[in-house]
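Enquirer: protein.cif is the file, holding mmCIF, C-alpha atoms:
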data_upload
loop_
_atom_site.label_atom_id
_atom_site.label_comp_id
_atom_site.auth_asym_id
_atom_site.auth_seq_id
_atom_site.Cartn_x
_atom_site.Cartn_y
_atom_site.Cartn_z
CA MET A 5 -40.43 10.84 -25.93
CA ASP A 6 -38.23 7.97 -24.79
CA GLU A 7 -34.48 8.26 -25.27
CA TYR A 8 -32.97 5.79 -27.73
CA GLU A 9 -32.12 2.40 -26.26
CA PRO A 10 -29.45 0.57 -28.33
CA GLY A 11 -30.68 -2.89 -27.37
CA ALA A 12 -34.35 -2.24 -28.07
CA GLY A 13 -36.17 -3.52 -31.12
CA SER A 14 -37.03 -1.29 -34.03
CA MET A 15 -40.43 0.26 -34.46
CA GLY A 16 -42.81 -0.48 -37.31
CA GLY A 17 -41.94 0.18 -40.93
CA VAL A 18 -42.36 3.35 -42.88
CA GLY A 19 -43.01 3.92 -46.53
CA ALA A 20 -41.12 5.83 -49.15
CA GLY A 21 -41.21 8.99 -47.09
CA ASN A 22 -42.12 12.38 -48.48
CA GLY A 23 -42.28 11.42 -52.14
CA ASN A 24 -38.85 12.73 -53.08
CA THR A 25 -37.60 11.89 -56.54
CA GLU A 26 -34.51 9.71 -56.96
CA ASP A 27 -32.43 12.78 -57.86
CA SER A 28 -33.30 14.48 -54.58
CA TRP A 29 -32.65 11.40 -52.47
CA PRO A 30 -29.18 12.46 -51.20
CA GLU A 31 -30.47 15.87 -50.15
CA SER A 32 -33.42 14.20 -48.44
CA PHE A 33 -31.14 11.91 -46.46
CA VAL A 34 -28.89 14.79 -45.42
CA SER A 35 -31.94 16.72 -44.28
CA LYS A 36 -33.16 13.76 -42.24
CA LEU A 37 -29.74 13.41 -40.63
CA GLU A 38 -29.80 17.08 -39.67
CA LYS A 39 -33.18 16.57 -37.98
CA LEU A 40 -32.14 13.35 -36.22
CA ASN A 41 -32.53 13.41 -32.44
CA GLU A 42 -31.90 10.97 -29.61
CA THR A 43 -35.47 9.70 -29.26
CA GLN A 44 -36.25 6.08 -30.03
CA GLN A 45 -38.80 7.13 -32.64
CA SER A 46 -36.38 9.40 -34.51
CA ILE A 47 -33.63 6.76 -34.70
CA ASN A 48 -35.97 3.90 -35.60
CA THR A 49 -37.84 5.92 -38.23
CA LEU A 50 -34.71 6.95 -40.11
CA SER A 51 -33.30 3.44 -39.86
CA CYS A 52 -36.51 2.05 -41.31
CA TRP A 53 -36.40 4.65 -44.09
CA LEU A 54 -32.91 3.45 -44.99
CA ARG A 55 -34.10 -0.15 -45.09
CA TYR A 56 -36.83 0.91 -47.50
CA HIS A 57 -34.20 2.53 -49.72
CA HIS A 58 -31.72 -0.34 -49.28
CA LYS A 59 -30.85 -0.35 -53.00
CA ARG A 60 -29.00 2.92 -52.38
CA SER A 61 -26.94 1.37 -49.58
CA LYS A 62 -23.55 2.45 -50.94
CA GLN A 63 -24.60 6.07 -51.31
CA ALA A 64 -26.38 6.01 -47.94
CA ALA A 65 -23.25 4.74 -46.18
CA ASP A 66 -21.10 7.35 -47.93
CA ILE A 67 -23.40 10.20 -46.92
CA TRP A 68 -23.71 8.88 -43.35
CA ALA A 69 -19.91 8.78 -43.08
CA ALA A 70 -19.39 12.25 -44.51
CA GLU A 71 -22.08 13.82 -42.35
CA ALA A 72 -20.85 11.99 -39.25
CA LEU A 73 -17.40 13.52 -39.63
CA ALA A 74 -18.81 16.97 -40.38
CA VAL A 75 -21.21 17.41 -37.45
CA PRO A 76 -20.18 18.78 -34.04
CA PRO A 77 -18.92 16.17 -31.53
CA ASP A 78 -22.09 16.43 -29.44
CA ARG A 79 -24.01 14.78 -32.33
CA HIS A 80 -21.56 11.93 -32.94
CA LEU A 81 -23.43 9.55 -30.66
CA LEU A 82 -26.60 10.01 -32.73
CA PHE A 83 -24.79 8.69 -35.79
CA VAL A 84 -23.59 5.67 -33.82
CA TYR A 85 -27.16 5.07 -32.65
CA LEU A 86 -28.39 5.18 -36.25
CA LEU A 87 -25.61 2.82 -37.33
CA ASN A 88 -26.55 0.42 -34.54
CA ASP A 89 -30.21 0.39 -35.51
CA VAL A 90 -29.38 -0.20 -39.18
CA LEU A 91 -27.03 -3.09 -38.40
CA GLN A 92 -29.42 -4.79 -35.98
CA THR A 93 -32.53 -4.52 -38.13
CA ALA A 94 -31.47 -4.46 -41.78
CA ARG A 95 -29.70 -7.81 -42.18
CA ARG A 96 -32.90 -9.65 -43.03
CA LYS A 97 -33.84 -6.96 -45.55
CA SER A 98 -30.49 -6.25 -47.18
CA ASN A 99 -27.04 -7.64 -46.52
CA GLU A 100 -25.62 -4.93 -48.76
CA LEU A 101 -26.97 -2.16 -46.52
CA CYS A 102 -25.26 -3.68 -43.49
CA ASP A 103 -22.04 -4.45 -45.34
CA ASP A 104 -21.73 -0.94 -46.78
CA PHE A 105 -22.35 0.68 -43.38
CA ILE A 106 -19.89 -1.66 -41.66
CA MET A 107 -17.24 -0.80 -44.23
CA ARG A 108 -17.62 2.90 -43.45
CA ALA A 109 -18.07 2.41 -39.71
CA MET A 110 -14.69 0.73 -39.29
CA ASP A 111 -13.00 4.06 -40.06
CA VAL A 112 -15.65 6.60 -39.04
CA VAL A 113 -16.59 5.32 -35.57
CA PRO A 114 -12.99 5.50 -34.24
CA GLN A 115 -12.66 9.04 -35.58
CA MET A 116 -15.85 10.13 -33.81
CA TYR A 117 -14.86 8.22 -30.68
CA LYS A 118 -11.71 10.31 -30.27
CA SER A 119 -13.68 13.52 -29.65
CA MET A 120 -16.45 12.01 -27.51
CA PRO A 121 -16.76 12.76 -23.79
CA PRO A 122 -16.23 9.78 -21.44
CA GLN A 123 -19.96 9.13 -20.93
CA TYR A 124 -20.48 8.86 -24.71
CA LYS A 125 -17.50 6.54 -25.06
CA GLU A 126 -19.04 4.18 -22.50
CA LYS A 127 -22.25 4.08 -24.52
CA VAL A 128 -20.31 3.26 -27.68
CA LYS A 129 -18.52 0.42 -25.87
CA ARG A 130 -21.87 -0.89 -24.66
CA ILE A 131 -23.20 -0.88 -28.24
CA ILE A 132 -20.14 -2.81 -29.45
CA LYS A 133 -20.70 -5.31 -26.64
CA ILE A 134 -24.28 -5.77 -27.87
CA TRP A 135 -22.95 -6.35 -31.38
CA GLU A 136 -20.71 -9.06 -30.01
CA GLU A 137 -23.47 -10.75 -27.99
CA ARG A 138 -25.92 -10.72 -30.89
CA GLY A 139 -23.44 -11.58 -33.64
CA VAL A 140 -24.06 -8.31 -35.46
CA LEU A 141 -20.37 -8.00 -36.42
CA ALA A 142 -17.94 -10.79 -37.18
CA MET A 143 -15.29 -11.37 -34.55
CA PRO A 144 -12.43 -10.10 -36.77
CA ASP A 145 -14.37 -6.87 -37.35
CA LEU A 146 -15.02 -6.49 -33.64
CA ALA A 147 -11.34 -7.03 -32.84
CA THR A 148 -10.27 -4.51 -35.46
CA LEU A 149 -12.79 -1.92 -34.30
CA ARG A 150 -11.84 -2.27 -30.65
CA SER A 151 -8.14 -2.01 -31.42
CA ARG A 152 -8.76 1.20 -33.34
CA LEU A 153 -10.83 2.64 -30.51
CA ASP A 154 -8.10 1.79 -28.01
CA ALA A 155 -5.44 3.27 -30.27
CA GLY A 156 -7.44 6.46 -30.62
CA VAL A 157 -7.12 6.47 -34.40
CA ALA A 158 -9.17 5.18 -37.27
CA SER A 159 -6.84 3.50 -39.70
CA ALA A 160 -3.60 5.39 -39.88
CA PRO A 161 -1.07 3.28 -41.79
CA SER A 162 2.66 3.63 -41.25
CA ASN A 163 3.41 4.59 -44.87
CA GLY A 164 0.86 7.41 -45.04
CA SER A 165 -1.40 5.53 -47.42
CA THR A 166 -5.09 5.06 -46.68
CA LEU A 167 -5.04 1.77 -48.57
CA ALA A 168 -2.80 -0.39 -46.39
CA PRO A 169 -5.06 -1.06 -43.36
CA GLN A 170 -8.10 -1.82 -45.51
CA VAL A 171 -6.21 -4.29 -47.66
CA ALA A 172 -4.85 -5.89 -44.51
CA ARG A 173 -8.42 -6.59 -43.35
CA ALA A 174 -8.72 -9.86 -45.23
CA ASP A 175 -11.97 -10.58 -43.40
CA SER A 176 -13.66 -7.72 -45.26
CA ALA A 177 -12.30 -8.60 -48.70
CA PRO A 178 -14.34 -10.63 -51.20
CA LYS A 179 -13.88 -14.32 -50.41
CA GLY A 180 -15.38 -15.87 -53.55
CA PRO A 181 -17.03 -15.16 -56.90
CA GLY A 182 -20.30 -14.16 -55.25
CA ASP A 183 -18.69 -11.67 -52.87
CA LEU A 184 -16.48 -10.27 -55.60
CA GLY A 185 -19.50 -9.86 -57.85
CA LYS A 186 -21.33 -7.93 -55.12
CA CYS A 187 -18.30 -5.72 -54.64
CA LEU A 188 -18.07 -4.99 -58.36
CA GLU A 189 -21.81 -4.30 -58.53
CA SER A 190 -21.58 -1.91 -55.58
CA ILE A 191 -18.75 0.00 -57.24
CA ALA A 192 -20.65 0.12 -60.53
CA ARG A 193 -23.73 1.55 -58.77
CA SER A 194 -21.76 4.35 -57.17
CA ASP A 195 -22.63 7.83 -58.39
CA VAL A 196 -20.53 9.82 -55.96
CA LEU A 197 -18.87 11.87 -58.70
CA ASP A 198 -22.24 12.93 -60.10
CA TYR A 199 -23.49 13.72 -56.61
CA VAL A 200 -20.45 15.85 -55.78
CA ALA A 201 -20.67 17.67 -59.11
CA ARG A 202 -24.36 18.50 -58.55
CA GLU A 203 -23.78 19.70 -55.00
CA GLU A 204 -20.75 21.81 -55.84
CA GLU A 205 -22.55 23.40 -58.77
CA LYS A 206 -25.16 24.68 -56.32
CA ALA A 207 -23.12 25.59 -53.24
CA VAL A 208 -19.47 25.88 -54.17
CA GLU A 209 -18.94 27.12 -57.72
CA PRO A 210 -20.74 30.46 -57.16
CA MET A 211 -18.27 31.18 -54.36
CA LEU A 212 -15.32 30.72 -56.72
CA LEU A 213 -16.17 34.17 -58.09
CA MET A 214 -15.39 35.76 -54.72
CA ASP A 215 -12.19 37.29 -56.15
CA ASP A 216 -14.28 39.56 -58.35
CA ILE A 217 -16.90 40.29 -55.71
CA SER A 218 -18.09 43.81 -54.99
CA VAL A 219 -19.86 44.71 -51.77
CA ASN A 220 -22.15 47.72 -51.66
CA GLU A 221 -23.36 47.39 -48.08
CA PRO A 222 -21.50 46.19 -44.95
CA ALA A 223 -24.46 43.94 -44.14
CA GLU A 224 -23.71 41.91 -47.26
CA ILE A 225 -20.37 40.76 -45.84
CA GLY A 226 -21.97 38.59 -43.15
CA ALA A 227 -24.27 36.85 -45.61
CA LEU A 228 -21.42 36.22 -48.04
CA ARG A 229 -19.23 34.91 -45.26
CA GLN A 230 -21.94 32.44 -44.26
CA ARG A 231 -22.21 31.22 -47.84
CA ALA A 232 -18.43 30.83 -47.99
CA GLU A 233 -18.38 28.85 -44.74
CA HIS A 234 -21.20 26.64 -46.03
CA ALA A 235 -19.25 26.03 -49.24
CA THR A 236 -16.18 25.09 -47.20
CA ARG A 237 -18.17 22.58 -45.15
CA GLU A 238 -19.60 21.11 -48.35
CA LEU A 239 -16.10 20.71 -49.79
CA ASP A 240 -14.96 18.93 -46.62
CA LYS A 241 -17.91 16.51 -46.87
CA HIS A 242 -17.27 15.91 -50.53
CA LYS A 243 -13.60 15.22 -49.88
CA ALA A 244 -14.59 12.56 -47.34
CA LEU A 245 -17.01 11.00 -49.83
CA LEU A 246 -14.43 10.97 -52.59
CA GLN A 247 -11.73 9.59 -50.32
CA GLY A 248 -14.01 6.77 -49.26
CA GLU A 249 -14.80 6.02 -52.90
CA LEU A 250 -11.09 6.05 -53.77
CA ASN A 251 -10.30 3.71 -50.89
CA ASP A 252 -13.03 1.30 -52.04
CA ARG A 253 -11.70 1.20 -55.57
CA LYS A 254 -8.08 0.84 -54.49
CA ARG A 255 -9.03 -2.01 -52.20
CA LEU A 256 -10.90 -3.68 -55.05
CA VAL A 257 -7.85 -3.32 -57.31
CA ALA A 258 -5.68 -4.86 -54.60
CA VAL A 259 -8.13 -7.74 -54.16
CA LEU A 260 -8.25 -8.34 -57.89
CA CYS A 261 -4.44 -8.28 -58.14
CA ALA A 262 -4.15 -10.75 -55.28
CA ALA A 263 -6.80 -12.94 -56.88
CA ILE A 264 -4.99 -12.87 -60.23
CA GLU A 265 -1.70 -13.76 -58.58
CA ALA A 266 -3.33 -16.62 -56.69
CA GLN A 267 -5.11 -17.84 -59.80
CA ASP A 268 -1.84 -17.86 -61.76
CA GLY A 269 -0.54 -20.49 -59.35
CA VAL A 270 -3.77 -22.45 -59.50
CA CYS A 271 -3.76 -22.34 -63.31
CA SER A 272 -0.20 -23.67 -63.34
CA ASP A 273 -1.25 -26.53 -61.08
CA ILE A 274 -4.25 -27.28 -63.32
CA GLU A 275 -2.09 -27.25 -66.43
CA ALA A 276 0.34 -29.68 -64.77
CA ALA A 277 -2.59 -31.90 -63.79
CA ILE A 278 -3.85 -31.87 -67.38
CA GLU A 279 -0.41 -32.86 -68.67
CA GLN A 280 -0.25 -35.63 -66.08
CA SER A 281 -3.71 -36.82 -67.12
CA GLU A 282 -2.68 -36.88 -70.77
CA TRP A 283 0.48 -38.84 -69.91
CA LYS A 284 -1.53 -41.38 -67.93
CA ARG A 285 -4.03 -41.67 -70.76
CA SER A 286 -1.24 -42.31 -73.26
CA ARG A 287 0.18 -45.02 -70.98
CA ILE A 288 -3.22 -46.69 -70.73
CA GLU A 289 -3.78 -46.40 -74.49
CA GLY A 290 -0.35 -47.98 -74.99
CA ALA A 291 -1.32 -50.84 -72.71
CA CYS A 292 -4.57 -51.33 -74.62
CA GLN A 293 -2.67 -51.38 -77.88
CA ARG A 294 -0.35 -54.02 -76.45
CA LEU A 295 -3.36 -56.07 -75.36
CA ASP A 296 -4.74 -55.84 -78.88
CA GLU A 297 -1.46 -57.12 -80.24
CA ILE A 298 -1.43 -60.04 -77.80
CA GLN A 299 -5.05 -60.79 -78.65
CA GLY A 300 -4.09 -60.82 -82.32
CA GLN A 301 -1.32 -63.29 -81.61
CA PHE A 302 -3.72 -65.59 -79.75
CA ASP A 303 -6.21 -65.33 -82.59
CA ALA A 304 -3.49 -66.23 -85.06
CA ILE A 305 -2.46 -69.29 -83.02
CA ALA A 306 -6.10 -70.37 -82.77
CA ASP A 307 -6.52 -70.08 -86.56
CA MET A 308 -3.38 -72.14 -87.15
CA ALA A 309 -4.63 -74.83 -84.78
CA GLU A 310 -7.93 -75.06 -86.64
CA ASP A 311 -6.05 -75.50 -89.93
#
Rewrite the structure from the file as structure tokens, please.
Expert:
Amino acid sequence: MDEYEPGAGSMGGVGAGNGNTEDSWPESFVSKLEKLNETQQSINTLSCWLRYHHKRSKQAADIWAAEALAVPPDRHLLFVYLLNDVLQTARRKSNELCDDFIMRAMDVVPQMYKSMPPQYKEKVKRIIKIWEERGVLAMPDLATLRSRLDAGVASAPSNGSTLAPQVARADSAPKGPGDLGKCLESIARSDVLDYVAREEEKAVEPMLLMDDISVNEPAEIGALRQRAEHATRELDKHKALLQGELNDRKRLVAVLCAAIEAQDGVCSDIEAAIEQSEWKRSRIEGACQRLDEIQGQFDAIADMAED
């Protein structure tokens, strides 16, 4: 089959997939990511599947980010290819899908880029150039992404906090009531804690009993070691998911605090304007009262003249 071409159009749509229930959706996506290959059909098909499930955009972006950082470096380019296809084809279907993937990509792509061989890095740069030419990313996002690629880091702040660089990206913060509402809705839809709890119950918690383990056959050691390594990988993925969720919520808190501070000043200005309006109204009412008095005087003079 043909190798994936970043600038090519997407293939035809796909349906709901293999009939997985909502509860099994995360596992289904992880499985599809594991089977992803560099053919045009593989990339386009999974991208189209994500567009179909666009209402789970936040969770999809979280899983994509966690898996991207967990796979070997030789698969990093595949995750960039998938990201590219989603961003170029999903905007008409779901702005949220694109926005959630962009939010994750700003940190994840530079981290993958660091470990890529030179030929992969050139392909990533070509994809970013396509994004610029086609207006896939806003210019501030492009500038930020390129600076992080050049620096060789994702978003390492000077104070050790993961919050600072995201708050500094004012271009990605909610800019009005509509954007803020979408951000709040996205946070409310997040079920990352439930997802992590379900996954760890299956793969991690049984391994916590390793201290009391008894081995009857040497062959059992290899199998147990594999389970332990799998549990460790799962914990690393879950940590990345939880860290991303924490960063989102901290950024939202910062945005809300900034909005409250800004609105305090606006409210003070409005209150002053109301007081000024009331003062002007009282002045006009005073003038009207004076006119009534003058009118009364004229009426009195007219009555005296008639007498």
Enquirer: Counting only C-alpha atoms, figure out which residue out of A:Glu31, A:Glu9, A:Asp198, A:Asp89 gets nearest to Ser51 in chain A.
Expert: A:Asp89
Enquirer: Could you state the separation of CA of Asn99 in chain A and CA of Leu87 in chain A in Å, given to one decimal place?
Expert: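 For CA of Asn99 in chain A relative to CA of Leu87 in chain A, the distance reads 14.0 Å.
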Enquirer: Near range 75-79 of chain A, counting all atoms listed in the file, which residues have an atom at most 12 Å away, once you skip same-chain residues fewer than 6 positions from it, shown as a list in words?
Expert: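 Non-adjacent residues within range: Val34, Leu37, Glu38, Lys39, Leu40, Asn41, Glu42, Trp68, Ala69, Tyr85, Leu86, Val113, Gln115, Met116, Tyr117, Lys118, Ser119, Met120, Pro121, Pro122, Gln123, Tyr124, Lys125, Arg237, Glu238, Asp240 and Lys241 of chain A.
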Enquirer: Please compute the CA of Pro114 in chain A-CA of Ser151 in chain A distance, one decimal, in Å.
Expert: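 These atoms are spaced 9.4 Å apart.
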Enquirer: From the options A:Met143, A:Met110, A:Ile132, A:Val196, which residue's atoms come nearest to Ala244 in chain A, counting only C-alpha atoms?
Expert: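 When distances to Ala244 in chain A are compared using only C-alpha atoms, the smallest one comes from A:Val196.
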Enquirer: What do you get, as number ranges by chain, if you spell out every residue that the PyMOL selection byres ((chain A and resi 199-206) around 9) selects here?
Expert: A: 30, 195-198, 207-210, 235, 238-239, 242, 245-246
Enquirer: Suppose you want the space between CA of His80 in chain A and CA of Lys127 in chain A; what is it in Å?
Expert: 11.5 Å
Enquirer: Using all atoms of range 244-261 of chain A that appear in the file, construct an axis-aligned enclosing box with 6 Å of padding on every side and provide its centre coordinates and edge lengths in Å, rounded to one decimal, as AutoDock Vina command-line options.
Expert:
--center_x -10.7 --center_y 2.1 --center_z -52.7 --size_x 24.6 --size_y 32.9 --size_z 22.8
Enquirer: From the set A:Val128, A:Ala291, A:Ala263, A:Cys52, which residue has the shortest atom-to-atom contact distance to Phe83 in chain A, counting all atoms listed in the file?
Expert: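 Among A:Val128, A:Ala291, A:Ala263, A:Cys52, it is A:Val128 that comes nearest to Phe83 in chain A.
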